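Shown below: upload_35.pdb, with PDB, C-alpha atoms.
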```pdb
ATOM      1  CA  MET A   1     117.800  58.672-163.165
ATOM      2  CA  ALA A   2     118.763  56.493-160.207
ATOM      3  CA  PRO A   3     118.958  59.406-157.721
ATOM      4  CA  VAL A   4     115.363  60.459-158.556
ATOM      5  CA  TYR A   5     114.040  57.015-157.655
ATOM      6  CA  ASP A   6     116.063  56.996-154.460
ATOM      7  CA  LEU A   7     114.667  60.408-153.532
ATOM      8  CA  MET A   8     111.071  59.299-154.231
ATOM      9  CA  PHE A   9     111.605  56.147-152.183
ATOM     10  CA  LEU A  10     112.941  58.231-149.307
ATOM     11  CA  ILE A  11     109.962  60.591-149.524
ATOM     12  CA  ASN A  12     107.545  57.652-149.473
ATOM     13  CA  VAL A  13     109.261  56.185-146.426
ATOM     14  CA  LEU A  14     109.103  59.546-144.637
ATOM     15  CA  VAL A  15     105.392  59.903-145.482
ATOM     16  CA  VAL A  16     104.644  56.431-144.095
ATOM     17  CA  ILE A  17     106.604  57.146-140.905
ATOM     18  CA  THR A  18     104.801  60.483-140.511
ATOM     19  CA  VAL A  19     101.394  58.855-140.957
ATOM     20  CA  ILE A  20     102.262  56.187-138.374
ATOM     21  CA  LEU A  21     103.464  58.814-135.886
ATOM     22  CA  VAL A  22     100.348  60.963-136.379
ATOM     23  CA  ALA A  23      98.035  57.960-136.005
ATOM     24  CA  THR A  24      99.844  56.792-132.865
ATOM     25  CA  THR A  25      99.708  60.285-131.370
ATOM     26  CA  PHE A  26      95.985  60.523-132.145
ATOM     27  CA  CYS A  27      95.326  57.144-130.497
ATOM     28  CA  LEU A  28      97.303  58.081-127.395
ATOM     29  CA  ILE A  29      95.523  61.432-127.048
ATOM     30  CA  PHE A  30      92.104  59.793-127.565
ATOM     31  CA  ASP A  31      92.912  57.109-124.978
ATOM     32  CA  TRP A  32      94.093  59.764-122.513
ATOM     33  CA  ILE A  33      90.913  61.825-122.985
ATOM     34  CA  LEU A  34      88.690  58.731-122.625
ATOM     35  CA  HIS A  35      90.556  57.624-119.504
ATOM     36  CA  LYS A  36      90.344  61.119-118.014
ATOM     37  CA  TRP A  37      86.581  61.219-118.732
ATOM     38  CA  LEU A  38      86.011  57.820-117.127
ATOM     39  CA  VAL A  39      88.174  58.454-114.079
ATOM     40  CA  SER A  40      86.849  61.961-113.472
ATOM     41  CA  GLY A  41      83.363  60.595-112.913
ATOM     42  CA  GLY A  42      81.995  61.684-116.263
ATOM     43  CA  ALA A  43      80.618  58.195-116.796
ATOM     44  CA  ALA A  44      79.160  57.736-113.315
ATOM     45  CA  GLY A  45      75.437  57.173-113.300
ATOM     46  CA  ARG A  46      75.128  56.625-117.036
ATOM     47  CA  TYR A  47      73.268  53.604-118.417
ATOM     48  CA  ILE A  48      75.191  51.648-121.026
ATOM     49  CA  LEU A  49      74.038  48.534-122.887
ATOM     50  CA  ILE A  50      76.804  46.193-124.054
ATOM     51  CA  THR A  51      76.153  43.051-126.070
ATOM     52  CA  GLY A  52      78.450  40.029-126.196
ATOM     53  CA  CYS A  53      79.803  40.182-122.645
ATOM     54  CA  ASP A  54      80.597  36.490-122.097
ATOM     55  CA  SER A  55      84.302  37.056-122.722
ATOM     56  CA  GLY A  56      86.830  39.253-124.448
ATOM     57  CA  PHE A  57      86.214  42.900-125.267
ATOM     58  CA  GLY A  58      82.581  42.949-124.137
ATOM     59  CA  LYS A  59      83.356  41.456-120.737
ATOM     60  CA  ARG A  60      86.320  43.764-120.188
ATOM     61  CA  ALA A  61      84.335  46.840-121.255
ATOM     62  CA  ALA A  62      81.468  45.913-118.920
ATOM     63  CA  GLN A  63      83.848  45.449-115.981
ATOM     64  CA  ARG A  64      85.710  48.688-116.668
ATOM     65  CA  LEU A  65      82.557  50.765-117.076
ATOM     66  CA  ASP A  66      81.114  49.204-113.912
ATOM     67  CA  VAL A  67      84.227  50.287-111.997
ATOM     68  CA  ALA A  68      83.804  53.780-113.497
ATOM     69  CA  GLY A  69      80.344  53.996-111.926
ATOM     70  CA  CYS A  70      78.127  53.276-114.924
ATOM     71  CA  HIS A  71      74.947  51.251-114.763
ATOM     72  CA  VAL A  72      75.901  48.500-117.196
ATOM     73  CA  ILE A  73      73.366  46.264-118.897
ATOM     74  CA  ALA A  74      75.453  43.368-120.193
ATOM     75  CA  THR A  75      73.987  40.774-122.516
ATOM     76  CA  CYS A  76      75.579  37.326-122.581
ATOM     77  CA  LEU A  77      74.965  34.338-124.811
ATOM     78  CA  THR A  78      75.174  31.816-121.960
ATOM     79  CA  LEU A  79      73.867  31.698-118.403
ATOM     80  CA  GLU A  80      77.383  30.813-117.242
ATOM     81  CA  GLY A  81      78.780  33.986-118.817
ATOM     82  CA  ALA A  82      76.018  36.095-117.260
ATOM     83  CA  SER A  83      76.529  34.670-113.767
ATOM     84  CA  ALA A  84      80.343  34.898-114.004
ATOM     85  CA  LEU A  85      80.047  38.562-114.955
ATOM     86  CA  ARG A  86      77.605  39.238-112.109
ATOM     87  CA  ASP A  87      80.053  37.641-109.663
ATOM     88  CA  THR A  88      82.894  39.966-110.690
ATOM     89  CA  CYS A  89      80.988  43.252-110.787
ATOM     90  CA  SER A  90      78.974  45.508-108.505
ATOM     91  CA  ALA A  91      75.204  45.720-108.149
ATOM     92  CA  ARG A  92      75.153  48.422-110.853
ATOM     93  CA  LEU A  93      75.688  45.712-113.476
ATOM     94  CA  THR A  94      72.669  43.831-114.779
ATOM     95  CA  SER A  95      73.453  40.789-116.879
ATOM     96  CA  VAL A  96      70.875  39.440-119.292
ATOM     97  CA  GLN A  97      71.054  36.257-121.320
ATOM     98  CA  MET A  98      70.439  36.983-125.001
ATOM     99  CA  ASP A  99      71.065  35.124-128.248
ATOM    100  CA  VAL A 100      70.905  37.626-131.105
ATOM    101  CA  THR A 101      69.903  34.874-133.533
ATOM    102  CA  ASP A 102      66.815  33.934-131.473
ATOM    103  CA  GLU A 103      63.931  36.403-131.721
ATOM    104  CA  ASP A 104      62.312  35.214-128.464
ATOM    105  CA  SER A 105      65.584  35.685-126.591
ATOM    106  CA  VAL A 106      65.965  39.214-127.972
ATOM    107  CA  GLN A 107      62.361  40.027-127.011
ATOM    108  CA  GLN A 108      62.930  38.779-123.435
ATOM    109  CA  ALA A 109      66.092  40.874-123.154
ATOM    110  CA  TYR A 110      64.207  43.882-124.536
ATOM    111  CA  THR A 111      61.557  43.449-121.846
ATOM    112  CA  VAL A 112      64.194  43.317-119.091
ATOM    113  CA  VAL A 113      66.015  46.379-120.431
ATOM    114  CA  THR A 114      62.872  48.496-120.875
ATOM    115  CA  GLU A 115      61.736  47.586-117.351
ATOM    116  CA  LEU A 116      65.127  48.625-115.994
ATOM    117  CA  LEU A 117      65.041  51.942-117.862
ATOM    118  CA  GLN A 118      61.587  53.065-116.741
ATOM    119  CA  PRO A 119      61.475  56.852-116.140
ATOM    120  CA  ASP A 120      60.361  56.408-112.527
ATOM    121  CA  LYS A 121      63.587  54.472-111.758
ATOM    122  CA  GLY A 122      65.893  57.321-112.689
ATOM    123  CA  ASP A 123      65.876  60.459-114.771
ATOM    124  CA  SER A 124      63.578  60.790-117.775
ATOM    125  CA  SER A 125      66.208  59.525-120.233
ATOM    126  CA  PRO A 126      68.602  57.237-118.409
ATOM    127  CA  TYR A 127      69.819  55.341-121.484
ATOM    128  CA  ASP A 128      73.096  56.813-122.694
ATOM    129  CA  SER A 129      75.050  54.415-124.890
ATOM    130  CA  CYS A 130      75.023  51.082-126.647
ATOM    131  CA  CYS A 131      78.051  48.992-127.568
ATOM    132  CA  THR A 132      77.173  46.210-130.005
ATOM    133  CA  ASN A 133      79.857  43.629-129.572
ATOM    134  CA  VAL A 134      78.197  40.581-131.119
ATOM    135  CA  CYS A 135      79.424  38.767-134.177
ATOM    136  CA  VAL A 136      77.028  36.595-136.136
ATOM    137  CA  PRO A 137      78.981  34.572-138.699
ATOM    138  CA  VAL A 138      77.052  34.985-141.941
ATOM    139  CA  THR A 139      78.050  35.396-145.559
ATOM    140  CA  GLY A 140      76.682  36.727-148.798
ATOM    141  CA  PHE A 141      72.947  37.148-149.104
ATOM    142  CA  ARG A 142      72.289  36.278-145.438
ATOM    143  CA  LEU A 143      74.507  39.209-144.392
ATOM    144  CA  ILE A 144      72.470  41.604-146.537
ATOM    145  CA  LEU A 145      69.242  40.245-145.024
ATOM    146  CA  LEU A 146      70.647  40.613-141.499
ATOM    147  CA  GLU A 147      71.620  44.240-142.198
ATOM    148  CA  LEU A 148      68.150  44.961-143.597
ATOM    149  CA  LEU A 149      66.504  43.395-140.535
ATOM    150  CA  CYS A 150      68.684  45.462-138.212
ATOM    151  CA  VAL A 151      67.830  48.681-140.045
ATOM    152  CA  GLU A 152      64.150  47.742-140.058
ATOM    153  CA  GLN A 153      64.048  47.213-136.301
TER
END
```
Mind converting the file's structure to structure tokens?
Amino acid sequence: MAPVYDLMFLINVLVVITVILVATTFCLIFDWILHKWLVSGGAAGRYILITGCDSGFGKRAAQRLDVAGCHVIATCLTLEGASALRDTCSARLTSVQMDVTDEDSVQQAYTVVTELLQPDKGDSSPYDSCCTNVCVPVTGFRLILLELLCVEQ
């Protein structure tokens, strides 16, 4: 019986290695296609809204898409984050201060974004993508309420 278990263990190890190799290959191909699309000018002129751009992923994504020629609307929690992002990017980037937990702040950001995306300032549908990169630390029932509010709006 011992050889059967050894064979099954070996098969399981080979399956795990195969899955890891396939996943890595998929990620590399996806990254190559995305990079090719960005560099080839496929993103140029598009309007992209990114939330949570004070630091980390949001800031890096806003900077990279700005370099690729996109019109980036970057929302930041703090004025310092918004001004720091404006200082490092081109005039295509518009930074807006927005706290997702404050309804007035969200409404002000909405007003700025809708003014920027008026049809007479570009083509009839200039808005292309949205990257929500904001984390609101909530648990339990509050999380369910937050999801319901997001779906409602």
Next on the checklist: Counting only C-alpha atoms, which residue out of A:Gln107, A:Ser55, A:Asn12, A:Thr101 sits closest to Ala84 (chain A)?
Outcome noted: A:Ser55
Next on the checklist: Once the PyMOL selection byres ((chain A and resi 112) around 12) has been evaluated on this model, what residues remain selected, and can you format them as a PyMOL selection string?
Outcome noted: chain A and resi 49+73-75+94-98+105-111+113-118
Checklist entry - Hey, can you pull every residue with an atom no more than 12 Å from (77.3, 42.1, -109.8), using all atoms listed in the file, and send it as a PyMOL selection string? => result chain A and resi 62-63+66-67+71-74+82-96
Work out where the centre of an axis-aligned box around every listed atom of region 83-94 of chain A lies and how long its edges are once 3 Å is added on each side; give both in Å to one decimal as JSON.
```
{"center_x": 77.8, "center_y": 41.5, "center_z": -111.6, "size_x": 16.2, "size_y": 19.8, "size_z": 12.8}
```
Checklist entry - Between CA of Gly45 (chain A) and CA of Thr78 (chain A), what is the spacing in Å? => result 26.8 Å
Item to check | Distance in Å - CA of Lys59 (chain A) versus CA of Leu77 (chain A) | outcome: 11.7 Å
Item to check | Straight-line distance linking CA of Glu80 (chain A) with CA of Asp99 (chain A), stated in Å to one decimal | outcome: 13.4 Å
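Residue nearest Cys130 (chain A), chosen from A:Ile20, A:Asp6, A:Ala61, A:Val13 and counting all atoms listed in the file: A:Ala61.
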